[in-house]
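*Asks:* Input file: coords.txt. Contents: compact mmCIF, C-alpha atoms.
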# COMPACT_ATOMS: atom_id res chain seq x y z
CA MET A 223 -18.53 -21.78 24.61
CA ALA A 224 -16.35 -18.81 23.78
CA LYS A 225 -16.62 -15.82 26.08
CA ARG A 226 -15.89 -12.25 25.04
CA VAL A 227 -14.91 -9.40 27.36
CA PHE A 228 -14.90 -5.75 26.26
CA ILE A 229 -13.05 -3.18 28.38
CA ILE A 230 -13.65 0.43 27.32
CA VAL A 231 -11.50 3.06 29.01
CA LEU A 232 -13.07 6.52 29.07
CA ASP A 233 -9.67 8.11 29.39
CA SER A 234 -9.40 10.47 32.40
CA THR A 235 -13.03 10.22 33.58
CA GLY A 236 -12.35 10.27 37.32
CA VAL A 237 -15.15 10.35 39.89
CA GLY A 238 -13.67 12.31 42.78
CA GLU A 239 -10.47 12.92 44.72
CA MET A 240 -8.75 9.99 46.41
CA PRO A 241 -7.71 10.32 50.07
CA ASP A 242 -4.10 11.04 49.03
CA ALA A 243 -5.03 13.61 46.36
CA GLY A 244 -3.28 16.33 48.36
CA VAL A 245 0.06 14.55 47.95
CA PHE A 246 -0.38 14.95 44.19
CA GLY A 247 -1.60 18.55 44.43
CA ASP A 248 -5.13 17.55 43.44
CA GLU A 249 -7.32 18.30 46.46
CA GLY A 250 -10.94 18.87 45.49
CA ALA A 251 -10.72 17.44 41.96
CA ASN A 252 -13.78 15.65 40.59
CA THR A 253 -13.80 15.25 36.83
CA LEU A 254 -17.27 13.76 36.40
CA GLN A 255 -18.92 16.22 38.79
CA THR A 256 -17.41 19.15 36.91
CA VAL A 257 -18.47 17.80 33.52
CA ALA A 258 -21.95 16.66 34.61
CA ALA A 259 -22.83 20.21 35.66
CA HIS A 260 -22.57 21.42 32.06
CA PRO A 261 -25.80 21.65 30.00
CA ALA A 262 -24.18 19.59 27.20
CA PHE A 263 -23.82 16.58 29.50
CA SER A 264 -26.27 13.70 29.10
CA MET A 265 -25.55 10.04 30.00
CA PRO A 266 -28.93 8.33 30.46
CA ASN A 267 -27.65 4.90 29.42
CA MET A 268 -24.75 4.96 31.86
CA LYS A 269 -27.10 6.25 34.54
CA GLU A 270 -29.40 3.27 34.00
CA LEU A 271 -26.45 0.92 34.34
CA GLY A 272 -25.57 2.50 37.68
CA LEU A 273 -22.87 5.12 37.08
CA PHE A 274 -24.43 7.56 39.55
CA ASN A 275 -24.96 4.86 42.17
CA LEU A 276 -21.23 4.62 42.84
CA ASP A 277 -19.86 5.32 46.31
CA GLY A 278 -19.29 9.06 46.79
CA MET A 279 -21.96 10.16 44.30
CA ASP A 280 -23.72 12.37 46.83
CA TRP A 281 -23.87 15.16 44.25
CA CYS A 282 -26.05 13.27 41.76
CA GLU A 283 -29.09 11.03 42.15
CA GLY A 284 -28.73 7.45 40.95
CA VAL A 285 -31.45 5.00 39.90
CA ALA A 286 -33.50 2.74 42.17
CA GLU A 287 -32.44 -0.46 40.41
CA PRO A 288 -29.24 -0.26 38.35
CA LYS A 289 -29.02 -2.67 35.43
CA GLY A 290 -25.27 -3.15 35.77
CA ALA A 291 -22.73 -4.16 38.39
CA ILE A 292 -20.69 -1.23 39.69
CA ALA A 293 -17.63 -0.39 41.78
CA ARG A 294 -15.51 2.63 42.63
CA MET A 295 -11.87 1.81 41.95
CA THR A 296 -8.92 3.07 44.04
CA GLU A 297 -5.52 3.42 42.39
CA ALA A 298 -2.99 1.51 44.49
CA SER A 299 -0.05 2.58 42.32
CA MET A 300 1.92 5.74 43.02
CA GLY A 301 0.91 7.65 39.95
CA LYS A 302 -1.87 9.31 37.99
CA ASP A 303 -0.81 8.75 34.40
CA THR A 304 -2.06 6.68 31.48
CA THR A 305 0.54 3.94 31.63
CA THR A 306 0.31 3.39 35.38
CA GLY A 307 -3.50 3.34 35.31
CA HIS A 308 -3.79 0.87 32.44
CA TRP A 309 -1.07 -1.37 33.80
CA GLU A 310 -2.81 -1.50 37.16
CA MET A 311 -6.18 -2.50 35.72
CA ALA A 312 -4.27 -5.21 33.84
CA GLY A 313 -2.66 -6.46 37.05
CA ILE A 314 0.54 -4.51 37.76
CA ILE A 315 0.66 -2.30 40.84
CA SER A 316 3.49 0.24 40.49
CA LYS A 317 4.70 1.14 43.98
CA ASN A 318 7.44 3.44 42.68
CA PRO A 319 6.36 6.37 40.51
CA MET A 320 7.80 6.66 37.02
CA PRO A 321 10.35 9.48 36.67
CA THR A 322 9.13 12.97 35.84
CA TYR A 323 11.12 16.03 34.82
CA PRO A 324 9.69 19.33 36.05
CA ASP A 325 13.00 21.04 35.17
CA GLY A 326 13.57 19.23 31.89
CA PHE A 327 15.73 16.23 31.07
CA PRO A 328 19.38 15.98 32.21
CA GLU A 329 21.97 17.48 29.89
CA ASP A 330 23.67 14.13 29.22
CA ILE A 331 20.36 12.61 28.04
CA ILE A 332 19.73 15.48 25.64
CA ARG A 333 23.30 15.51 24.30
CA GLU A 334 23.20 11.76 23.61
CA PHE A 335 19.83 12.11 21.89
CA GLU A 336 21.25 14.91 19.71
CA ARG A 337 24.30 12.82 18.89
CA GLN A 338 22.31 9.79 17.80
CA THR A 339 19.68 11.71 15.80
CA GLY A 340 22.05 14.27 14.31
CA ARG A 341 19.60 17.03 15.19
CA GLY A 342 19.59 19.74 17.82
CA VAL A 343 16.94 20.08 20.52
CA LEU A 344 14.64 22.97 21.41
CA VAL A 345 12.76 23.67 24.68
CA ASN A 346 13.48 20.68 27.01
CA LYS A 347 11.00 21.62 29.72
CA PRO A 348 7.35 20.97 30.62
CA TYR A 349 4.98 22.56 28.13
CA SER A 350 1.45 22.34 26.77
CA GLY A 351 1.55 20.41 23.51
CA THR A 352 -0.45 22.99 21.59
CA GLU A 353 1.40 25.94 23.10
CA VAL A 354 4.85 24.53 22.45
CA ILE A 355 4.34 24.23 18.69
CA ARG A 356 2.82 27.70 18.61
CA ALA A 357 5.86 29.12 20.41
CA TYR A 358 8.61 27.07 18.74
CA GLY A 359 7.11 25.78 15.48
CA ASP A 360 8.70 28.51 13.35
CA GLU A 361 12.14 27.87 14.86
CA MET A 362 11.75 24.12 14.36
CA VAL A 363 10.92 24.63 10.68
CA ARG A 364 13.76 27.12 10.21
CA THR A 365 16.50 25.17 12.00
CA GLY A 366 15.37 21.54 11.77
CA LYS A 367 15.84 21.16 15.52
CA LEU A 368 13.45 18.83 17.32
CA ILE A 369 11.04 20.19 19.92
CA VAL A 370 11.54 18.04 23.02
CA TYR A 371 9.24 18.64 25.96
CA THR A 372 7.56 16.86 28.86
CA SER A 373 4.59 17.32 31.21
CA ALA A 374 3.61 16.34 34.72
CA ASP A 375 3.47 12.77 33.38
CA SER A 376 6.43 10.48 32.81
CA VAL A 377 6.82 11.36 29.13
CA PHE A 378 9.52 12.40 26.65
CA GLN A 379 7.67 14.10 23.78
CA ILE A 380 9.17 14.94 20.40
CA ALA A 381 7.37 17.39 18.10
CA ALA A 382 8.41 18.00 14.50
CA HIS A 383 6.83 19.50 11.39
CA GLU A 384 5.92 16.79 8.88
CA ASP A 385 7.49 18.76 6.01
CA VAL A 386 10.82 18.84 7.86
CA VAL A 387 10.78 15.41 9.51
CA ASP A 388 8.43 12.83 8.01
CA CYS A 389 6.51 10.61 10.43
CA GLU A 390 8.59 7.46 9.89
CA THR A 391 11.80 9.38 10.65
CA LEU A 392 10.17 10.92 13.73
CA TYR A 393 9.19 7.45 14.90
CA GLU A 394 12.78 6.32 14.47
CA TYR A 395 13.93 9.27 16.61
CA CYS A 396 11.44 8.10 19.25
CA ARG A 397 12.91 4.60 19.15
CA ILE A 398 16.34 6.12 19.70
CA ALA A 399 15.04 8.04 22.71
CA ARG A 400 13.32 4.91 24.05
CA LYS A 401 16.66 3.06 24.04
CA ILE A 402 18.43 5.97 25.76
CA LEU A 403 15.78 6.37 28.47
CA THR A 404 16.49 3.35 30.66
CA GLY A 405 17.29 2.70 34.32
CA GLU A 406 16.52 5.71 36.50
CA HIS A 407 15.37 7.59 33.39
CA ALA A 408 12.95 4.89 32.16
CA VAL A 409 10.01 7.19 31.42
CA GLY A 410 6.61 5.65 30.87
CA ARG A 411 6.24 6.85 27.28
CA VAL A 412 8.18 8.46 24.45
CA ILE A 413 5.61 10.20 22.26
CA ALA A 414 5.88 11.33 18.62
CA ARG A 415 3.96 14.58 18.08
CA PRO A 416 3.96 15.48 14.35
CA PHE A 417 2.38 18.78 13.32
CA ILE A 418 1.58 20.79 10.20
CA GLY A 419 0.93 24.45 9.35
CA SER A 420 3.00 27.61 8.91
CA ASN A 421 3.90 31.00 10.36
CA GLY A 422 2.96 30.32 13.96
CA GLU A 423 -0.34 28.64 13.05
CA TYR A 424 0.29 24.95 13.68
CA THR A 425 -1.90 21.96 14.44
CA ARG A 426 -1.02 18.46 15.59
CA THR A 427 -1.86 15.60 13.24
CA PRO A 428 -3.28 12.11 13.92
CA GLY A 429 0.25 10.75 13.40
CA ARG A 430 0.88 10.67 17.16
CA HIS A 431 2.56 7.44 18.24
CA ASP A 432 3.51 6.27 21.74
CA PHE A 433 6.58 4.18 22.49
CA SER A 434 5.93 2.76 25.93
CA LEU A 435 8.07 1.10 28.52
CA GLU A 436 7.45 -2.64 28.43
CA PRO A 437 5.24 -3.78 31.33
CA THR A 438 7.32 -4.65 34.38
CA GLY A 439 5.28 -7.74 35.26
CA ILE A 440 2.73 -10.18 33.89
CA THR A 441 -0.58 -8.69 32.74
CA ILE A 442 -4.00 -10.05 31.85
CA LEU A 443 -3.05 -9.52 28.20
CA ASP A 444 -0.13 -11.92 28.64
CA GLN A 445 -2.27 -14.46 30.47
CA ILE A 446 -5.14 -14.37 27.99
CA LYS A 447 -2.83 -14.70 25.00
CA ASP A 448 -0.85 -17.50 26.68
CA ALA A 449 -4.13 -19.33 27.25
CA GLY A 450 -4.58 -19.42 23.48
CA LYS A 451 -7.26 -16.78 23.41
CA ASP A 452 -7.58 -13.49 21.54
CA VAL A 453 -6.48 -10.05 22.75
CA LEU A 454 -7.75 -7.27 20.48
CA ALA A 455 -6.49 -3.72 21.07
CA VAL A 456 -8.27 -0.54 19.94
CA GLY A 457 -6.65 2.90 20.05
CA LYS A 458 -3.44 3.39 22.02
CA ILE A 459 -3.74 0.12 23.99
CA LYS A 460 -1.04 -1.53 21.85
CA ASP A 461 1.36 1.32 22.60
CA ILE A 462 0.60 1.39 26.34
CA PHE A 463 1.57 -2.27 26.64
CA ALA A 464 4.47 -2.02 24.15
CA GLY A 465 2.67 -4.52 21.92
CA ARG A 466 2.96 -7.33 24.47
CA GLY A 467 0.16 -9.85 24.87
CA ILE A 468 -1.81 -8.57 21.85
CA THR A 469 -3.02 -10.75 18.96
CA ASP A 470 -4.65 -8.05 16.81
CA PHE A 471 -4.87 -4.27 16.97
CA VAL A 472 -6.11 -1.13 15.27
CA TYR A 473 -5.07 2.48 15.87
CA THR A 474 -7.69 5.23 15.97
CA ALA A 475 -7.70 8.98 15.43
CA ASN A 476 -10.49 9.88 17.86
CA ASN A 477 -13.30 8.56 20.05
CA LYS A 478 -15.73 8.18 17.15
CA GLU A 479 -13.32 5.94 15.31
CA GLY A 480 -12.51 4.04 18.51
CA ILE A 481 -16.19 3.26 19.02
CA GLU A 482 -16.61 2.24 15.37
CA ARG A 483 -13.63 -0.12 15.51
CA THR A 484 -14.93 -1.64 18.75
CA LEU A 485 -18.33 -2.24 17.15
CA GLU A 486 -16.58 -3.95 14.23
CA TYR A 487 -14.75 -6.25 16.64
CA MET A 488 -18.11 -7.01 18.27
CA ASP A 489 -19.23 -8.46 14.92
CA ARG A 490 -16.27 -10.85 15.02
CA ASP A 491 -16.34 -14.33 16.52
CA PHE A 492 -13.47 -14.37 19.02
CA ASP A 493 -12.65 -15.84 22.41
CA GLY A 494 -10.99 -13.46 24.87
CA LEU A 495 -10.60 -9.71 25.35
CA CYS A 496 -11.19 -6.55 23.32
CA PHE A 497 -9.47 -3.63 25.09
CA THR A 498 -10.37 -0.08 23.92
CA ASN A 499 -9.05 3.33 24.93
CA LEU A 500 -11.10 6.42 24.07
CA VAL A 501 -8.57 9.22 24.46
CA ASP A 502 -10.40 12.42 23.46
CA CYS A 503 -11.71 13.39 26.91
CA ASP A 504 -8.17 13.47 28.25
CA MET A 505 -6.06 14.65 25.34
CA ILE A 506 -8.42 17.14 23.70
CA TYR A 507 -10.71 18.32 26.49
CA GLY A 508 -9.29 17.56 29.93
CA HIS A 509 -5.81 19.03 29.55
CA ARG A 510 -7.20 21.98 27.58
CA ARG A 511 -9.80 22.65 30.29
CA ASP A 512 -12.68 22.44 27.84
CA ILE A 513 -15.67 21.49 30.01
CA GLU A 514 -18.20 21.74 27.20
CA GLY A 515 -16.08 19.59 24.89
CA TYR A 516 -15.63 16.99 27.62
CA ALA A 517 -19.38 16.94 28.34
CA THR A 518 -20.17 16.58 24.64
CA ALA A 519 -17.68 13.71 24.25
CA LEU A 520 -19.12 11.74 27.18
CA SER A 521 -22.64 12.37 25.91
CA TYR A 522 -21.65 11.07 22.48
CA PHE A 523 -20.22 7.92 24.03
CA ASP A 524 -23.44 7.36 25.96
CA GLU A 525 -25.44 7.74 22.76
CA ARG A 526 -23.28 5.14 21.02
CA LEU A 527 -23.42 2.88 24.08
CA ALA A 528 -26.89 1.88 22.87
CA ASP A 529 -25.25 0.43 19.73
CA ILE A 530 -22.67 -1.42 21.83
CA LEU A 531 -25.29 -2.92 24.13
CA ALA A 532 -27.35 -4.03 21.13
CA LYS A 533 -24.45 -6.10 19.82
CA MET A 534 -23.75 -7.93 23.08
CA ARG A 535 -24.11 -11.70 22.99
CA GLU A 536 -25.34 -14.04 25.70
CA ASP A 537 -21.92 -14.61 27.29
CA ASP A 538 -20.37 -11.17 26.69
CA LEU A 539 -19.08 -8.98 29.52
CA LEU A 540 -18.74 -5.20 29.07
CA ILE A 541 -16.59 -3.17 31.48
CA MET A 542 -16.42 0.63 31.30
CA THR A 543 -13.82 2.37 33.42
CA ALA A 544 -11.09 5.05 33.43
CA ASP A 545 -7.35 5.27 34.10
CA HIS A 546 -7.12 8.51 36.17
CA GLY A 547 -8.80 11.92 36.36
CA CYS A 548 -8.28 15.14 34.42
CA ASP A 549 -10.76 17.61 35.88
CA PRO A 550 -11.35 20.28 33.19
CA GLY A 551 -12.57 22.70 35.85
CA TYR A 552 -9.53 22.37 38.09
CA VAL A 553 -7.71 25.69 38.43
CA LYS A 554 -4.40 24.74 40.08
CA HIS A 555 -2.92 23.07 37.00
CA THR A 556 -3.82 21.42 33.66
CA ASP A 557 -2.43 17.97 34.45
CA HIS A 558 -4.08 14.68 35.38
CA THR A 559 -5.83 14.52 38.75
CA ARG A 560 -5.55 11.81 41.41
CA GLU A 561 -9.08 10.42 41.54
CA TYR A 562 -11.12 7.29 42.01
CA VAL A 563 -12.39 5.88 38.72
CA PRO A 564 -15.71 4.23 37.87
CA CYS A 565 -16.21 0.60 36.97
CA VAL A 566 -19.55 -0.12 35.34
CA MET A 567 -20.08 -3.72 34.22
CA TYR A 568 -22.86 -5.23 32.18
CA GLY A 569 -23.69 -8.62 30.75
CA LYS A 570 -26.79 -10.74 30.34
CA LYS A 571 -25.41 -13.08 33.01
CA VAL A 572 -23.97 -10.38 35.30
CA GLU A 573 -25.88 -9.66 38.52
CA PRO A 574 -26.47 -5.94 39.20
CA VAL A 575 -24.44 -5.73 42.41
CA ASN A 576 -22.69 -2.71 43.98
CA TYR A 577 -19.18 -3.88 44.84
CA HIS A 578 -18.52 -0.51 46.49
CA THR A 579 -14.99 0.90 46.81
CA ARG A 580 -12.21 -1.48 45.75
CA SER A 581 -8.60 -1.23 46.88
CA THR A 582 -7.02 -1.46 43.42
CA PHE A 583 -7.77 -1.11 39.71
CA ALA A 584 -6.31 -4.64 39.42
CA ASP A 585 -9.65 -6.07 40.59
CA ILE A 586 -10.82 -5.38 37.03
CA GLY A 587 -8.13 -7.62 35.59
CA ALA A 588 -8.77 -10.33 38.17
CA THR A 589 -12.48 -10.26 37.31
CA VAL A 590 -11.72 -10.63 33.61
CA LEU A 591 -9.46 -13.63 34.16
CA LYS A 592 -12.01 -15.39 36.36
CA TYR A 593 -14.76 -14.72 33.83
CA LEU A 594 -12.62 -16.24 31.08
CA GLY A 595 -11.71 -19.24 33.25
CA ILE A 596 -7.99 -18.44 33.47
CA ASP A 597 -6.02 -19.01 36.69
CA GLN A 598 -4.93 -15.64 38.04
CA LYS A 599 -1.23 -14.74 38.19
CA ILE A 600 -1.68 -11.00 38.71
CA ALA A 601 -2.54 -8.67 41.58
CA GLY A 602 -6.17 -7.99 42.44
CA GLU A 603 -9.30 -9.82 43.58
CA ALA A 604 -12.14 -10.82 41.29
CA MET A 605 -15.46 -9.12 41.99
CA PHE A 606 -17.55 -12.05 40.68
Take the structure I supplied and represent it as structure tokens, if you would.
*Replies:*
Amino acid sequence: MAKRVFIIVLDSTGVGEMPDAGVFGDEGANTLQTVAAHPAFSMPNMKELGLFNLDGMDWCEGVAEPKGAIARMTEASMGKDTTTGHWEMAGIISKNPMPTYPDGFPEDIIREFERQTGRGVLVNKPYSGTEVIRAYGDEMVRTGKLIVYTSADSVFQIAAHEDVVDCETLYEYCRIARKILTGEHAVGRVIARPFIGSNGEYTRTPGRHDFSLEPTGITILDQIKDAGKDVLAVGKIKDIFAGRGITDFVYTANNKEGIERTLEYMDRDFDGLCFTNLVDCDMIYGHRRDIEGYATALSYFDERLADILAKMREDDLLIMTADHGCDPGYVKHTDHTREYVPCVMYGKKVEPVNYHTRSTFADIGATVLKYLGIDQKIAGEAMF
């Protein structure tokens, strides 16, 4: 009988600093603790499944008998970004961090990018995505130069006004950058950031598109597809894995749409994996230090979790996790935070066991492969 696995990534919902958080400048970070203290926070369904029974949850009371299986996941990779986190849960442990550019990209990289695109470059330094278009949007529109910026993550971001550079052309510029950024400069993602507006009042559009580095090793997506099964991607999953190992996909504009598309896939007869990323908590609320928005987004997910659980079939497995932290109450910076992440698992045939603190996110991928009856070729150890 066909088995279906659903992984839902609550992007950036960390559950407390890892032992090496100080190395990353993240001592004391705890995304979920910060958010749960806000009056807008309510996750009764996740609580019943065991979210607050995880190791380290001494700040919140759990339930006597969780309905789900749970584990606290340790990131074994040297990073705290989206790509590294997703790759690790899919079986790749990245021992060397992806390159970052706190002082901007080297001059030769920028000059070659200008040569190939035929456009000049503005900024070339770390910047908030909303602030950079506010500060340089007028100049971009006036001169046609591309806003190139980065962050604490391994990213090369290109922002352009849609009336000056249409989205398809911007995507082509991103492909050019992706080909330039190789070897020691092989950043995790090149990101298109189109925006609209005028006279200093600009907003980013849903036309964002990520051009990721291809995974450096075999992933569960590869293994599941090679086994002749389905791999369905919702949200930015296709971009994170550079399209590899995916049989069907749908992009989404926000968490609401991501949940709706996942529910639609749940109505489909398939055999394999549906992999969903819900990005709002990270992109809209975490980096912008919006605790109320973050709390509201998690509460909305929990409300819709009832719909997800109602659609689960006899042999379905649901896994809810995260890829890193992004504590909206952290005052030292506005970047991701080095944290443990939750793993809450539910299925009608899944025993409600606490698997405690695991040594790598890859245990999620190993568990998926074992559940689907596929011989494991990735890192990690199956939990059941």
*Asks:* Taking into account only C-alpha atoms, which residue in the set A:Glu334, A:Asp597, A:Asp385, A:Glu486 is nearest to A:Leu454?
*Replies:*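 Of A:Glu334, A:Asp597, A:Asp385, A:Glu486, the one nearest A:Leu454 is A:Glu486, counting only C-alpha atoms.
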*Asks:* Please identify all polymer residues within 7 Å of stretch 477-483 of chain A, counting all atoms listed in the file, omitting same-chain residues fewer than 5 positions from it, and present them as a PyMOL selection string.
*Replies:* chain A and resi 456-457+500-502
*Asks:* Figure out the distance between atom CA of A:Gly313 and atom CA of A:Leu594, please, to one decimal in Å.
*Replies:*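 Computing the Euclidean distance for atom CA of A:Leu594 and atom CA of A:Gly313 yields 15.2 Å.
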*Asks:* At most 12 Å from (4.1, 25.4, 22.5), file frame, only C-alpha atoms: which residues, as a ChimeraX atom specification?
*Replies:* /A:344-362,369-373,379-382,415,417,422-426
*Asks:* Put those residues in a file: C-alpha atoms, as a tab-separated table (two decimals), in the frame of the given file.
*Replies:*
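Result file is selection-v3.tsv:
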chain	number	residue	atom	x	y	z
A	344	LEU	CA	14.64	22.97	21.41
A	345	VAL	CA	12.76	23.67	24.68
A	346	ASN	CA	13.48	20.68	27.01
A	347	LYS	CA	11.00	21.62	29.72
A	348	PRO	CA	7.35	20.97	30.62
A	349	TYR	CA	4.98	22.56	28.13
A	350	SER	CA	1.45	22.34	26.77
A	351	GLY	CA	1.55	20.41	23.51
A	352	THR	CA	-0.45	22.99	21.59
A	353	GLU	CA	1.40	25.94	23.10
A	354	VAL	CA	4.85	24.53	22.45
A	355	ILE	CA	4.34	24.23	18.69
A	356	ARG	CA	2.82	27.70	18.61
A	357	ALA	CA	5.86	29.12	20.41
A	358	TYR	CA	8.61	27.07	18.74
A	359	GLY	CA	7.11	25.78	15.48
A	360	ASP	CA	8.70	28.51	13.35
A	361	GLU	CA	12.14	27.87	14.86
A	362	MET	CA	11.75	24.12	14.36
A	369	ILE	CA	11.04	20.19	19.92
A	370	VAL	CA	11.54	18.04	23.02
A	371	TYR	CA	9.24	18.64	25.96
A	372	THR	CA	7.56	16.86	28.86
A	373	SER	CA	4.59	17.32	31.21
A	379	GLN	CA	7.67	14.10	23.78
A	380	ILE	CA	9.17	14.94	20.40
A	381	ALA	CA	7.37	17.39	18.10
A	382	ALA	CA	8.41	18.00	14.50
A	415	ARG	CA	3.96	14.58	18.08
A	417	PHE	CA	2.38	18.78	13.32
A	422	GLY	CA	2.96	30.32	13.96
A	423	GLU	CA	-0.34	28.64	13.05
A	424	TYR	CA	0.29	24.95	13.68
A	425	THR	CA	-1.90	21.96	14.44
A	426	ARG	CA	-1.02	18.46	15.59
*Asks:* Quick one: residues within 10 Å of A:Thr253, only C-alpha atoms counted, chain neighbours fewer than 3 positions away excluded, as a list in words?
*Replies:* Ser234, Thr235, Gly236, Val237, Gly238, Glu239, Gly250, Thr256, Val257, Ala258, Gly508, Ile513, Tyr516, His546, Gly547, Cys548, Asp549, Pro550, Gly551, Tyr552, His558, Thr559, Glu561, Tyr562 and Val563 of chain A
*Asks:* Dump C-alpha atoms for the selected residues as a compact mmCIF listing (two decimals), in the coordinates of the input?
*Replies:*
# COMPACT_ATOMS: atom_id res chain seq x y z
CA SER A 234 -9.40 10.47 32.40
CA THR A 235 -13.03 10.22 33.58
CA GLY A 236 -12.35 10.27 37.32
CA VAL A 237 -15.15 10.35 39.89
CA GLY A 238 -13.67 12.31 42.78
CA GLU A 239 -10.47 12.92 44.72
CA GLY A 250 -10.94 18.87 45.49
CA THR A 256 -17.41 19.15 36.91
CA VAL A 257 -18.47 17.80 33.52
CA ALA A 258 -21.95 16.66 34.61
CA GLY A 508 -9.29 17.56 29.93
CA ILE A 513 -15.67 21.49 30.01
CA TYR A 516 -15.63 16.99 27.62
CA HIS A 546 -7.12 8.51 36.17
CA GLY A 547 -8.80 11.92 36.36
CA CYS A 548 -8.28 15.14 34.42
CA ASP A 549 -10.76 17.61 35.88
CA PRO A 550 -11.35 20.28 33.19
CA GLY A 551 -12.57 22.70 35.85
CA TYR A 552 -9.53 22.37 38.09
CA HIS A 558 -4.08 14.68 35.38
CA THR A 559 -5.83 14.52 38.75
CA GLU A 561 -9.08 10.42 41.54
CA TYR A 562 -11.12 7.29 42.01
CA VAL A 563 -12.39 5.88 38.72
*Asks:* Just how far from atom CA of A:Ala243 is atom CA of A:Val590, in Å to one decimal?
*Replies:* 28.2 Å
*Asks:* Got a sec to check which residues sit within 7 Å of (-5.4, -7.1, 37.5), counting only C-alpha atoms, and write them as a PDB file with C-alpha atoms, in the coordinates of the input?
*Replies:*
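Contents of the output file out.pdb:
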ATOM      1  CA  GLU A 310      -2.810  -1.500  37.160  1.00  0.00           C
ATOM      2  CA  MET A 311      -6.180  -2.500  35.720  1.00  0.00           C
ATOM      3  CA  ALA A 312      -4.270  -5.210  33.840  1.00  0.00           C
ATOM      4  CA  GLY A 313      -2.660  -6.460  37.050  1.00  0.00           C
ATOM      5  CA  ILE A 314       0.540  -4.510  37.760  1.00  0.00           C
ATOM      6  CA  THR A 441      -0.580  -8.690  32.740  1.00  0.00           C
ATOM      7  CA  ILE A 442      -4.000 -10.050  31.850  1.00  0.00           C
ATOM      8  CA  PHE A 583      -7.770  -1.110  39.710  1.00  0.00           C
ATOM      9  CA  ALA A 584      -6.310  -4.640  39.420  1.00  0.00           C
ATOM     10  CA  ASP A 585      -9.650  -6.070  40.590  1.00  0.00           C
ATOM     11  CA  ILE A 586     -10.820  -5.380  37.030  1.00  0.00           C
ATOM     12  CA  GLY A 587      -8.130  -7.620  35.590  1.00  0.00           C
ATOM     13  CA  ALA A 588      -8.770 -10.330  38.170  1.00  0.00           C
ATOM     14  CA  ILE A 600      -1.680 -11.000  38.710  1.00  0.00           C
ATOM     15  CA  ALA A 601      -2.540  -8.670  41.580  1.00  0.00           C
ATOM     16  CA  GLY A 602      -6.170  -7.990  42.440  1.00  0.00           C
TER      17      GLY A 602
END
